[in-house]
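One structure is given below, encoded as structure tokens.
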Amino acid sequence: MRFAFSDDQLAFADAVRELLTNECPPEVVRAAWDSPDGRNRRLWTQLAEMGVVGMLAPESIGGLGLSDIDLVRILAEAGFAGLAEPLADVAAVVVPALRDHGAAGLSDELLARVVAGEATVGLGLRSDGSTLHAESADALLLEAEDGLHLVATTDVELSPLNTVDGARRLSRVVWSPSEETLLAGGPSAAVEARDRAAVAAAAELCGLADRMLAIAVEYVTERKQFGVPIGSFQAVKHHLANATLALEFAKPLVWRAAYSRTMGDPDASLHASMAKAQASDAAEVVGVAALQCHGAIGYTVECDLHVFLKRAWALQRRAGDAAAHRRRVAAAVLHAN
Amino acid sequence: MRFAFSDDQLAFADAVRELLTNECPPEVVRAAWDSPDGRNRRLWTQLAEMGVVGMLAPESIGGLGLSDIDLVRILAEAGFAGLAEPLADVAAVVVPALRDHGAAGLSDELLARVVAGEATVGLGLRSDGSTLHAESADALLLEAEDGLHLVATTDVELSPLNTVDGARRLSRVVWSPSEETLLAGGPSAAVEARDRAAVAAAAELCGLADRMLAIAVEYVTERKQFGVPIGSFQAVKHHLANATLALEFAKPLVWRAAYSRTMGDPDASLHASMAKAQASDAAEVVGVAALQCHGAIGYTVECDLHVFLKRAWALQRRAGDAAAHRRRVAAAVLHAN
Amino acid sequence: MDLTWSEREEAFRAECRTWLEANVPHGLPSGDTREGFTLHLEWERTLHAAGYAAVSWPKAYGGRDASLWEWLIFEEEYYRAGGPQRVTQNGIFLLAPTIFEFGTDAQRDYYLPRMSAAEDLWCQGWSEPNAGSDLAGITSRAVRDEAAGGWRLSGQKTWTTRGAFCTHLFGLFRSDGDAERHRGLTYFLVPLDAEGVTVRGFGRLDGDEGFAEVFLDDVFVPDGDADPARGGVLGGVDQGWGVAMATTTSERGLTLRSPGRFRATASRLVELYRARGGDDPLLADEVVRAWIGAEAYDLYTLGDVTQITSGGSPGARSSLNKLFWSELDIALHRAALNILGPDAEIDDDPFMKGYQFALSGPIYAGTNEIQRNIVAERVLGLPRK
Amino acid sequence: MDLTWSEREEAFRAECRTWLEANVPHGLPSGDTREGFTLHLEWERTLHAAGYAAVSWPKAYGGRDASLWEWLIFEEEYYRAGGPQRVTQNGIFLLAPTIFEFGTDAQRDYYLPRMSAAEDLWCQGWSEPNAGSDLAGITSRAVRDEAAGGWRLSGQKTWTTRGAFCTHLFGLFRSDGDAERHRGLTYFLVPLDAEGVTVRGFGRLDGDEGFAEVFLDDVFVPDGDADPARGGVLGGVDQGWGVAMATTTSERGLTLRSPGRFRATASRLVELYRARGGDDPLLADEVVRAWIGAEAYDLYTLGDVTQITSGGSPGARSSLNKLFWSELDIALHRAALNILGPDAEIDDDPFMKGYQFALSGPIYAGTNEIQRNIVAERVLGLPRK
């Protein structure tokens, strides 16, 4: 029994944090709001070169052949940086789907290009109803009633949507599933994709919450009112203590969900739902506390907080919100036997 | 438009508070825990003599012929005092039921005796599954599928229950409805009885919450730690501010529910449910805050707080808990039209 | 207790409803953008022409002598009809009550008609970079210019809502630098086109420009009501704290946030639930909680108005009012986002926009932490320290 | 990361499970009543005889040299089997870790075997009437008796759980009256049958006698480990604050509240829901929230133990631990009461009893207000003042 990341895992996460600290500071995330397609190819190439995009792909086609446990910490780092690239969708959902269901000739070649950072694949789950960065994607992995489909972007109709988080370029996708597009039939591949998306979002939410908390701690330590730092007021202390409590007891569920996926635990879906439910709620608690502790300054676009807050609002309700995942836990726990 | 009690109503409530302050201090409530049947006949007679028991009964048989608006403040005073007598059941539910459905010869005479304080009638709603002070009652008003029944206590089988609040003597009642016992058939009388019980409990809960808050305010003003009154700590202030907020925004819903009943408003049931939902939640918030602000002393039986806290726990879940009443509001508000 | 409206009040309601249904513009861009502000101004002038800009004011100032009850009715109908935000609100709802209470006849006669007609547009200048919750920490100063018969104002104000679009500012300045924190402050009225004023707008979290910083550099304002067109002093010199407290009580209490606003949001939430809630019992419970909250706020307000019309004052209880509506507003909008689910992040949904605005509720008009302190200290009587 | 148990650990679990299923007594009256205490004492001695009283201790002291992981397994099995509360807990889980860390060999050899055998029964003497959250406000004093080679203790301790049934007390006394608040305190071990000790039990909200006040009037305790049978000093003279902080960290952290306890409550809650929940989606959601909380606490604890077994220390993070389990315990029991509905007030339901006990969780072992201060100041680094 050992519930901790290995030194190698921590070192990899540190390296990713260092890259993102340098290459993806808040100014870069803000720049994505104003860029034509919201993408940052240079950063994406750097992440691919580090092996992050293809972390779960086999080494034979340029991947790292690592596990979900290795990836989950990296996704938290992406959240911490507010990375607007489609890393969670691609690295945590698309890559393993193409890896595991690569029978169709198309997907093998595509996987290699994805791993190399040359192509991206957008993800469309039925629970979400829209796809991130579909316009800049080369293909789309779309869930239909009969399973997962892999569809060329040219074969669908996209309607872009305005989003609260300007870095998230969402589109509705209109398409028709067919036998040719079917990548993996039956429910299990779709369930796995949904679970992976939920855990990836949960990990990003943990990172986002960590960042919002850090921003708030820094602010309340510096900002003075009534002659003292506002962080010395008990109400402010308790807001941020509550935020810490929610977050620190969500993280273990998220790490465990990645572990269970890696090990093929039969409860992996249950664990994914617990992780997403708790991380969504924690991000809400942390976000509200961080905003409130900032006072009016947090309510301005000049303050970085809103960049992370809006991302969190989006991810809290993607790949199933807390209530939906608790319903799934209820089905497993309360109605079992 | 005028949303306030009249001077007469306030003066009556003040008189009841004065009586209860003198005759029903916490020592008297505690004594009920240890008395054989939990009753205090002297106090009951005094309340009857003041007209409180028969407030809603016609003057012709010794009642005051007043309205639910007059009564609701009195019930809040009963809650404030922690009165263990069955005032809410008798004055708010049984008396109007006998008044309005007095066709059966039995009930006319019984009503006069109830108003005079010579007899009491226990109340058994299907939502509650047990009856307060059934053993000391002369008759029972019991809800069955076909309506309200009036049953002699000698015709039922009673099984006493142990209760958290030792002053609440509860029994399960085993009985068989029959045509002879039917006081008011059809759903409307039963619905009215349930609504009245809900509003009465809500009013008592407001009074209980007022009392718990008062006890907590007094304690935190006197108790010192770290060289200052604990009430000067912001965390303590905010606990009690939250308690005040919950309570002060529950009360208007309770008063309005009594008004709607008096006026025969078609939304009276809806208003009863809003009142009970909000008052139940408010009492929970206030009780938890009051207990926490007391620290260990609140956790002892020597401190009066527990007497009121346990009563509140009971009433929160009687005559429908907050969730049940919100379900009823949902049925009316969300599914209407 | 009487929860019915008189015939006269019902007639007033019918009149408001008819007029509003015929005249309320729909789909205006936010009034906190420059483009939207202009359109909102037109609407304000339409309201004024019909006598609806400030119904409870005397006719002479552009109102219609309506009672406080009728004001509640107007507000309810206004939000029921989907009326747009009132870009005049900081003048009409916050400054005006203070002018009624502390102004001279000359000030009332000059400012109020211009305010109701939306000729003068007022923004508030309370906060400074280092005086937010700690309002007494204000450092902007007013220096006496005896020769010119007035004051010279210097300093920086911030978080002035719609400051970039307004014409006038009201706020506190330190007129006696030696006095203690709450003393030595004076309440000034300042035209923003005065020499020495610079206004810089900046962006709000909800995407609107919304806020402004106002820099004052030796701005001349005459004494009292000597020349209202050039601004002046409201209430006595060095008496600003007491005058400002009257404004903040309005701000926290019902004049800023009438119950009609939340009732209307609750109704729209119910419509959203019916359209998209899918009969989910948890969403239903969340919607009903918020809906009951809106009812509670409405009733609480009726109690407030009963008290006020009987000559009472809500006093520190206005802090309870502010705590409740600010948290209710968030609850109403959060319930909507939970119904919308993954579509909540789509920006053109009015509930998403409303949620973002609602989140500022526990911050503006005195943070909810400060309001909770006030409730504890002044409603419950707990020791200040 | 490896969330599997070794073969050896699984074998240990199987052994515990078998023994506990065969031996755990059911339906004991509360150990916080005199009658129940006697029966619990029998059970403690049965546990000790089978080597289960303190599994992680060295064999010489009555344990079985189990690892911290095995201790977690034992606890999980203990609560899974419905094992009764441990009336020895204040000794075994709170005092013992402090004796292991600060005690002399003579103290360890004398106290620990008697503790695991439930011969000595320890209660804690932290709180005083005017020193609760403000532990440094202790005024009970220890006066040096040079001639007799020891100390004379006087003062009043309160809230000592099961104090009326215990044989020994550990607690802080002011040995240097001139020192500042946190200094000049010494950690004493005191037999309650010493001359000058008076114990008075009093009632708890949940109906059990439970608490006691302990009055000390010139009670003699020898120096250090000079004569452990008569008590003594643990750690150095005037070093009591540091020694006590080690105990309070144990108290807040996992040794007092192992995850098995909450997992077992969560399982019983699920059973209750199945039996009486009526498939109500709101109740299901509430149960699931609490159930996920119990899982989260379990996993968090595994992280803690991983850290401790790698030589780390949770430090101030034990305050997070305490906040979480105390609020989890309430959530678990409140969900049960909501399932029970009007029957919740019926006293013989174990969830009602458990709810009342759970409500003391945010109070004992340092109030949750103090724990939140600690998290803010020592985990997040916010300024103390």
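So you can find residues: chains in the structure tokens are A, B, ... in the order shown, residues in each start at 1, and ligands are numbered from 1 in order.
Contact shell of range 33-35 of chain C at 12 Å (only C-alpha atoms; same-chain neighbours under 5 positions omitted): Leu28, His40, Leu41, Glu42, Val87, Thr161, Arg162, Gly163, Ala164, Phe165, Cys166, Gly201, Phe202, Gly203, Arg204, Asp206, Gly207, Asp208, Glu209, Gly210, Phe211 and Ala212 of chain C.
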Residue list (alpha helix (DSSP H), DSSP) for range 125-374 of chain D, as a compact mmCIF listing (two decimals) with N, CA and C atoms, in the first residue's frame:
```txt
# COMPACT_ATOMS: atom_id res chain seq x y z
N GLY D 240 5.60 21.76 29.10
CA GLY D 240 4.32 21.09 28.86
C GLY D 240 3.62 21.49 27.58
N TRP D 241 3.77 22.74 27.16
CA TRP D 241 3.04 23.18 25.96
C TRP D 241 3.44 22.35 24.74
N GLY D 242 4.74 22.18 24.56
CA GLY D 242 5.24 21.41 23.41
C GLY D 242 4.79 19.96 23.48
N VAL D 243 4.83 19.41 24.70
CA VAL D 243 4.41 18.01 24.88
C VAL D 243 2.92 17.88 24.56
N ALA D 244 2.14 18.85 25.06
CA ALA D 244 0.70 18.80 24.84
C ALA D 244 0.36 18.95 23.37
N MET D 245 1.10 19.77 22.65
CA MET D 245 0.80 19.96 21.24
C MET D 245 0.95 18.65 20.47
N ALA D 246 1.90 17.81 20.92
CA ALA D 246 2.02 16.50 20.28
C ALA D 246 0.75 15.70 20.50
N THR D 247 0.18 15.76 21.69
CA THR D 247 -1.06 15.04 21.96
C THR D 247 -2.21 15.60 21.15
N THR D 248 -2.30 16.91 21.06
CA THR D 248 -3.45 17.46 20.34
C THR D 248 -3.35 17.15 18.85
N THR D 249 -2.11 17.03 18.33
CA THR D 249 -2.00 16.64 16.93
C THR D 249 -2.54 15.22 16.74
N SER D 250 -2.21 14.32 17.68
CA SER D 250 -2.79 12.97 17.60
C SER D 250 -4.31 13.05 17.65
N GLU D 251 -4.78 13.93 18.52
CA GLU D 251 -6.20 14.01 18.76
C GLU D 251 -6.93 14.45 17.49
N ARG D 252 -6.35 15.38 16.78
CA ARG D 252 -7.01 15.90 15.60
C ARG D 252 -6.89 14.95 14.43
N PRO D 259 -10.42 5.93 9.60
CA PRO D 259 -11.46 5.97 8.57
C PRO D 259 -12.45 4.81 8.68
N GLY D 260 -11.99 3.70 9.26
CA GLY D 260 -12.89 2.55 9.35
C GLY D 260 -14.19 2.89 10.07
N ARG D 261 -14.09 3.78 11.04
CA ARG D 261 -15.26 4.19 11.80
C ARG D 261 -16.32 4.82 10.90
N PHE D 262 -15.88 5.70 10.01
CA PHE D 262 -16.85 6.41 9.15
C PHE D 262 -17.31 5.54 8.00
N ARG D 263 -16.40 4.67 7.52
CA ARG D 263 -16.81 3.73 6.48
C ARG D 263 -17.92 2.83 7.02
N ALA D 264 -17.76 2.41 8.26
CA ALA D 264 -18.77 1.52 8.85
C ALA D 264 -20.10 2.28 8.99
N THR D 265 -20.03 3.54 9.45
CA THR D 265 -21.26 4.33 9.57
C THR D 265 -21.89 4.51 8.19
N ALA D 266 -21.07 4.77 7.18
CA ALA D 266 -21.59 4.96 5.82
C ALA D 266 -22.29 3.69 5.34
N SER D 267 -21.72 2.53 5.66
CA SER D 267 -22.37 1.27 5.24
C SER D 267 -23.71 1.11 5.93
N ARG D 268 -23.76 1.46 7.21
CA ARG D 268 -25.04 1.34 7.92
C ARG D 268 -26.06 2.34 7.38
N LEU D 269 -25.55 3.49 6.97
CA LEU D 269 -26.45 4.50 6.39
C LEU D 269 -27.04 3.98 5.07
N VAL D 270 -26.22 3.34 4.27
CA VAL D 270 -26.71 2.77 3.02
C VAL D 270 -27.77 1.71 3.31
N GLU D 271 -27.52 0.89 4.32
CA GLU D 271 -28.53 -0.12 4.69
C GLU D 271 -29.84 0.56 5.11
N LEU D 272 -29.70 1.61 5.90
CA LEU D 272 -30.91 2.32 6.34
C LEU D 272 -31.66 2.89 5.14
N TYR D 273 -30.91 3.46 4.19
CA TYR D 273 -31.55 4.02 3.00
C TYR D 273 -32.30 2.91 2.25
N ARG D 274 -31.66 1.79 2.10
CA ARG D 274 -32.31 0.70 1.37
C ARG D 274 -33.58 0.25 2.08
N ALA D 275 -33.52 0.25 3.41
CA ALA D 275 -34.67 -0.23 4.17
C ALA D 275 -35.79 0.82 4.22
N ARG D 276 -35.41 2.09 4.32
CA ARG D 276 -36.44 3.10 4.59
C ARG D 276 -36.38 4.33 3.71
N PRO D 281 -34.89 10.58 -4.42
CA PRO D 281 -33.63 11.05 -5.03
C PRO D 281 -32.88 12.07 -4.16
N LEU D 282 -33.61 12.88 -3.38
CA LEU D 282 -32.91 13.85 -2.53
C LEU D 282 -32.20 13.15 -1.39
N LEU D 283 -32.86 12.18 -0.79
CA LEU D 283 -32.20 11.42 0.26
C LEU D 283 -31.02 10.64 -0.32
N ALA D 284 -31.23 10.07 -1.53
CA ALA D 284 -30.14 9.33 -2.16
C ALA D 284 -28.93 10.23 -2.35
N ASP D 285 -29.18 11.45 -2.80
CA ASP D 285 -28.07 12.38 -3.02
C ASP D 285 -27.37 12.71 -1.71
N GLU D 286 -28.15 12.89 -0.66
CA GLU D 286 -27.55 13.21 0.63
C GLU D 286 -26.72 12.04 1.15
N VAL D 287 -27.26 10.83 0.99
CA VAL D 287 -26.52 9.64 1.43
C VAL D 287 -25.23 9.50 0.63
N VAL D 288 -25.34 9.71 -0.67
CA VAL D 288 -24.17 9.55 -1.52
C VAL D 288 -23.10 10.59 -1.21
N ARG D 289 -23.52 11.81 -0.94
CA ARG D 289 -22.54 12.84 -0.55
C ARG D 289 -21.74 12.36 0.67
N ALA D 290 -22.46 11.86 1.66
CA ALA D 290 -21.79 11.43 2.89
C ALA D 290 -20.91 10.21 2.60
N TRP D 291 -21.41 9.34 1.76
CA TRP D 291 -20.66 8.12 1.43
C TRP D 291 -19.36 8.47 0.71
N ILE D 292 -19.44 9.39 -0.24
CA ILE D 292 -18.23 9.84 -0.94
C ILE D 292 -17.28 10.50 0.06
N GLY D 293 -17.84 11.23 1.02
CA GLY D 293 -17.01 11.85 2.05
C GLY D 293 -16.22 10.81 2.83
N ALA D 294 -16.89 9.72 3.18
CA ALA D 294 -16.20 8.66 3.92
C ALA D 294 -15.09 8.04 3.07
N GLU D 295 -15.34 7.88 1.76
CA GLU D 295 -14.30 7.38 0.86
C GLU D 295 -13.13 8.36 0.79
N ALA D 296 -13.47 9.65 0.70
CA ALA D 296 -12.42 10.67 0.61
C ALA D 296 -11.56 10.67 1.87
N TYR D 297 -12.22 10.51 3.02
CA TYR D 297 -11.46 10.50 4.27
C TYR D 297 -10.55 9.29 4.33
N ASP D 298 -11.07 8.15 3.87
CA ASP D 298 -10.28 6.93 3.84
C ASP D 298 -9.02 7.14 2.99
N LEU D 299 -9.22 7.67 1.80
CA LEU D 299 -8.08 7.84 0.89
C LEU D 299 -7.10 8.89 1.41
N TYR D 300 -7.63 9.96 1.95
CA TYR D 300 -6.78 11.00 2.51
C TYR D 300 -5.88 10.40 3.59
N THR D 301 -6.49 9.53 4.41
CA THR D 301 -5.75 8.87 5.47
C THR D 301 -4.65 7.96 4.92
N LEU D 302 -4.96 7.28 3.82
CA LEU D 302 -3.92 6.44 3.21
C LEU D 302 -2.74 7.32 2.78
N GLY D 303 -3.04 8.50 2.30
CA GLY D 303 -1.97 9.44 1.94
C GLY D 303 -1.18 9.86 3.17
N ASP D 304 -1.90 10.14 4.25
CA ASP D 304 -1.24 10.50 5.52
C ASP D 304 -0.30 9.40 5.98
N VAL D 305 -0.80 8.16 5.97
CA VAL D 305 0.01 7.06 6.48
C VAL D 305 1.21 6.81 5.56
N THR D 306 0.99 6.98 4.26
CA THR D 306 2.12 6.85 3.33
C THR D 306 3.20 7.86 3.72
N GLN D 307 2.77 9.06 4.01
CA GLN D 307 3.71 10.12 4.38
C GLN D 307 4.40 9.80 5.70
N ILE D 308 3.61 9.37 6.68
CA ILE D 308 4.19 9.07 8.00
C ILE D 308 5.17 7.90 7.91
N THR D 309 4.80 6.86 7.18
CA THR D 309 5.70 5.70 7.08
C THR D 309 6.93 6.03 6.24
N SER D 318 -3.10 18.08 10.15
CA SER D 318 -4.00 17.30 11.00
C SER D 318 -5.25 18.11 11.34
N SER D 319 -5.17 19.43 11.22
CA SER D 319 -6.37 20.24 11.44
C SER D 319 -7.38 20.06 10.31
N LEU D 320 -6.88 19.87 9.10
CA LEU D 320 -7.80 19.56 7.99
C LEU D 320 -8.51 18.25 8.25
N ASN D 321 -7.71 17.30 8.71
CA ASN D 321 -8.23 15.99 9.07
C ASN D 321 -9.38 16.11 10.07
N LYS D 322 -9.14 16.90 11.12
CA LYS D 322 -10.15 17.02 12.17
C LYS D 322 -11.40 17.72 11.66
N LEU D 323 -11.21 18.78 10.87
CA LEU D 323 -12.37 19.48 10.30
C LEU D 323 -13.19 18.51 9.46
N PHE D 324 -12.49 17.70 8.67
CA PHE D 324 -13.22 16.84 7.75
C PHE D 324 -13.99 15.75 8.47
N TRP D 325 -13.32 15.03 9.37
CA TRP D 325 -14.06 13.93 10.00
C TRP D 325 -15.18 14.41 10.88
N SER D 326 -14.98 15.57 11.54
CA SER D 326 -16.05 16.03 12.44
C SER D 326 -17.28 16.44 11.64
N GLU D 327 -17.06 17.04 10.47
CA GLU D 327 -18.22 17.45 9.67
C GLU D 327 -18.81 16.27 8.90
N LEU D 328 -17.94 15.34 8.51
CA LEU D 328 -18.42 14.11 7.88
C LEU D 328 -19.33 13.33 8.82
N ASP D 329 -18.92 13.24 10.06
CA ASP D 329 -19.69 12.45 11.04
C ASP D 329 -21.10 13.04 11.19
N ILE D 330 -21.19 14.36 11.22
CA ILE D 330 -22.51 15.01 11.29
C ILE D 330 -23.30 14.73 10.02
N ALA D 331 -22.65 14.85 8.88
CA ALA D 331 -23.35 14.65 7.61
C ALA D 331 -23.90 13.22 7.51
N LEU D 332 -23.11 12.25 7.93
CA LEU D 332 -23.56 10.85 7.90
C LEU D 332 -24.80 10.67 8.76
N HIS D 333 -24.74 11.22 9.95
CA HIS D 333 -25.87 11.01 10.88
C HIS D 333 -27.08 11.86 10.50
N ARG D 334 -26.83 13.06 10.00
CA ARG D 334 -27.98 13.88 9.63
C ARG D 334 -28.74 13.25 8.45
N ALA D 335 -28.00 12.67 7.53
CA ALA D 335 -28.66 11.97 6.42
C ALA D 335 -29.56 10.88 6.96
N ALA D 336 -29.07 10.17 7.96
CA ALA D 336 -29.88 9.10 8.56
C ALA D 336 -31.14 9.68 9.19
N LEU D 337 -31.01 10.77 9.91
CA LEU D 337 -32.19 11.37 10.54
C LEU D 337 -33.20 11.82 9.49
N ASN D 338 -32.69 12.31 8.37
CA ASN D 338 -33.61 12.74 7.32
C ASN D 338 -34.33 11.55 6.70
N ILE D 339 -33.67 10.41 6.68
CA ILE D 339 -34.36 9.19 6.22
C ILE D 339 -35.42 8.79 7.25
N LEU D 340 -35.04 8.86 8.50
CA LEU D 340 -35.97 8.45 9.56
C LEU D 340 -37.16 9.40 9.67
N PRO D 350 -29.99 4.12 16.95
CA PRO D 350 -28.56 4.39 17.12
C PRO D 350 -28.09 5.63 16.34
N PHE D 351 -28.77 5.94 15.23
CA PHE D 351 -28.35 7.13 14.49
C PHE D 351 -28.65 8.41 15.25
N MET D 352 -29.76 8.42 16.00
CA MET D 352 -30.09 9.61 16.79
C MET D 352 -29.04 9.81 17.88
N LYS D 353 -28.68 8.70 18.53
CA LYS D 353 -27.62 8.76 19.55
C LYS D 353 -26.31 9.22 18.91
N GLY D 354 -26.02 8.63 17.76
CA GLY D 354 -24.78 8.97 17.07
C GLY D 354 -24.77 10.42 16.60
N TYR D 355 -25.92 10.92 16.20
CA TYR D 355 -26.01 12.33 15.77
C TYR D 355 -25.64 13.25 16.91
N GLN D 356 -26.19 12.94 18.07
CA GLN D 356 -25.91 13.80 19.23
C GLN D 356 -24.43 13.78 19.56
N PHE D 357 -23.83 12.60 19.47
CA PHE D 357 -22.39 12.55 19.74
C PHE D 357 -21.62 13.30 18.65
N ALA D 358 -22.06 13.10 17.40
CA ALA D 358 -21.36 13.75 16.27
C ALA D 358 -21.34 15.27 16.43
N ASN D 368 -13.67 23.72 15.83
CA ASN D 368 -13.40 23.86 14.40
C ASN D 368 -13.05 25.29 14.01
N GLU D 369 -13.48 26.26 14.80
CA GLU D 369 -13.08 27.64 14.53
C GLU D 369 -11.55 27.76 14.69
N ILE D 370 -11.05 27.17 15.78
CA ILE D 370 -9.59 27.21 16.01
C ILE D 370 -8.88 26.42 14.89
N GLN D 371 -9.44 25.26 14.51
CA GLN D 371 -8.79 24.47 13.46
C GLN D 371 -8.74 25.25 12.14
N ARG D 372 -9.80 25.99 11.85
CA ARG D 372 -9.79 26.79 10.60
C ARG D 372 -8.73 27.89 10.68
N ASN D 373 -8.58 28.47 11.86
CA ASN D 373 -7.49 29.45 12.02
C ASN D 373 -6.15 28.78 11.73
N ILE D 374 -5.98 27.57 12.28
CA ILE D 374 -4.70 26.88 12.10
C ILE D 374 -4.45 26.57 10.63
```
Which residue of A:Ala78, A:Ala167, A:Ala323, A:Val191 approaches chain D most closely, using only C-alpha atoms: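 Residue with the minimum atom-to-atom distance to chain D: A:Ala323.
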Taking only C-alpha atoms into account, which residues of chain A are within 8 Å of chain D, as a PyMOL selection string? chain A and resi 1-6+217+220-221+228-229+231-234+237-238+240-242+245+249-250+252-253+256+259+274+278+323+326-327+329-330+333-335
From A:Ala235, A:Ala139, A:Val29, A:Ala289, residue lying nearest chain B [only C-alpha atoms]: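 Under the stated criterion, the closest residue is A:Ala235.
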Please return, as number ranges by chain, all residues of range 87-225 of chain B that DSSP assigns to strand (DSSP E or B) on the basis of the backbone. B: 121-124, 131-132, 139-144, 147-152, 157-161, 163, 170-174, 182-185, 224-225
Set the distance at 9 Å and use only C-alpha atoms: which residues neighbour Leu305 in chain A once local chain neighbours fewer than 2 positions away are removed? I'd like the list as a PyMOL selection string. chain A and resi 211-212+215-216+287+290-291+298-303+307-310
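CA of Trp44 in chain A is positioned 25.1 Å from CA of Leu148 in chain A.
You will find CA of Glu213 in chain D at 6.3 Å from CA of Trp159 in chain D.
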Excluding same-chain residues fewer than 5 positions from range 177-183 of chain B, what lies within 6 Å of it counting only C-alpha atoms, as a VMD selection string? chain B and resid 148 to 151
Would you save the residues from that selection as a PDB file, in the first residue's frame, using N, CA, C and O atoms?
```pdb
ATOM      1  N   LEU B 148     -60.688  12.437   8.481  1.00  0.00           N
ATOM      2  CA  LEU B 148     -60.337  12.582   9.894  1.00  0.00           C
ATOM      3  C   LEU B 148     -61.326  11.814  10.764  1.00  0.00           C
ATOM      4  O   LEU B 148     -62.544  11.900  10.554  1.00  0.00           O
ATOM      5  N   HIS B 149     -60.782  11.130  11.744  1.00  0.00           N
ATOM      6  CA  HIS B 149     -61.613  10.364  12.667  1.00  0.00           C
ATOM      7  C   HIS B 149     -61.410  10.879  14.081  1.00  0.00           C
ATOM      8  O   HIS B 149     -60.304  11.294  14.448  1.00  0.00           O
ATOM      9  N   LEU B 150     -62.485  10.821  14.842  1.00  0.00           N
ATOM     10  CA  LEU B 150     -62.406  11.183  16.255  1.00  0.00           C
ATOM     11  C   LEU B 150     -62.655   9.912  17.057  1.00  0.00           C
ATOM     12  O   LEU B 150     -63.728   9.299  16.953  1.00  0.00           O
ATOM     13  N   VAL B 151     -61.675   9.514  17.833  1.00  0.00           N
ATOM     14  CA  VAL B 151     -61.701   8.203  18.466  1.00  0.00           C
ATOM     15  C   VAL B 151     -61.443   8.371  19.961  1.00  0.00           C
ATOM     16  O   VAL B 151     -60.540   9.125  20.351  1.00  0.00           O
TER      17      VAL B 151
END
```
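With only C-alpha atoms as the atoms that count, the minimum distance from Asp120 in chain D to the choices D:Leu95, D:Val55, D:Leu72, D:Val24 is reached by D:Leu95.
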For Leu123 in chain B: contacts at 10 Å, only C-alpha atoms, fewer than 4 positions along chain excluded, given as a PyMOL selection string: chain B and resi 86+88-90+93-94+128+130-134+137+139-143+150+193+197
Give me the residues within 12 Å of Ala179 in chain D as a ChimeraX atom specification, counting only C-alpha atoms and dropping any in the same chain fewer than 3 places off. /D:136-137,139,174-176,182-186,238-239
Extract, using only C-alpha atoms, all DNA, RNA and protein residues at most 8 Å from range 58-62 of chain D, discarding same-chain residues fewer than 2 positions from it, and format them as a ChimeraX atom specification. /D:48,51,53-54,56,64-66,109,112-113,116-117
Separation of CA of Gln9 in chain B and CA of Gly315 in chain C, in Å?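 We find that CA of Gln9 in chain B and CA of Gly315 in chain C lie 24.2 Å from each other.
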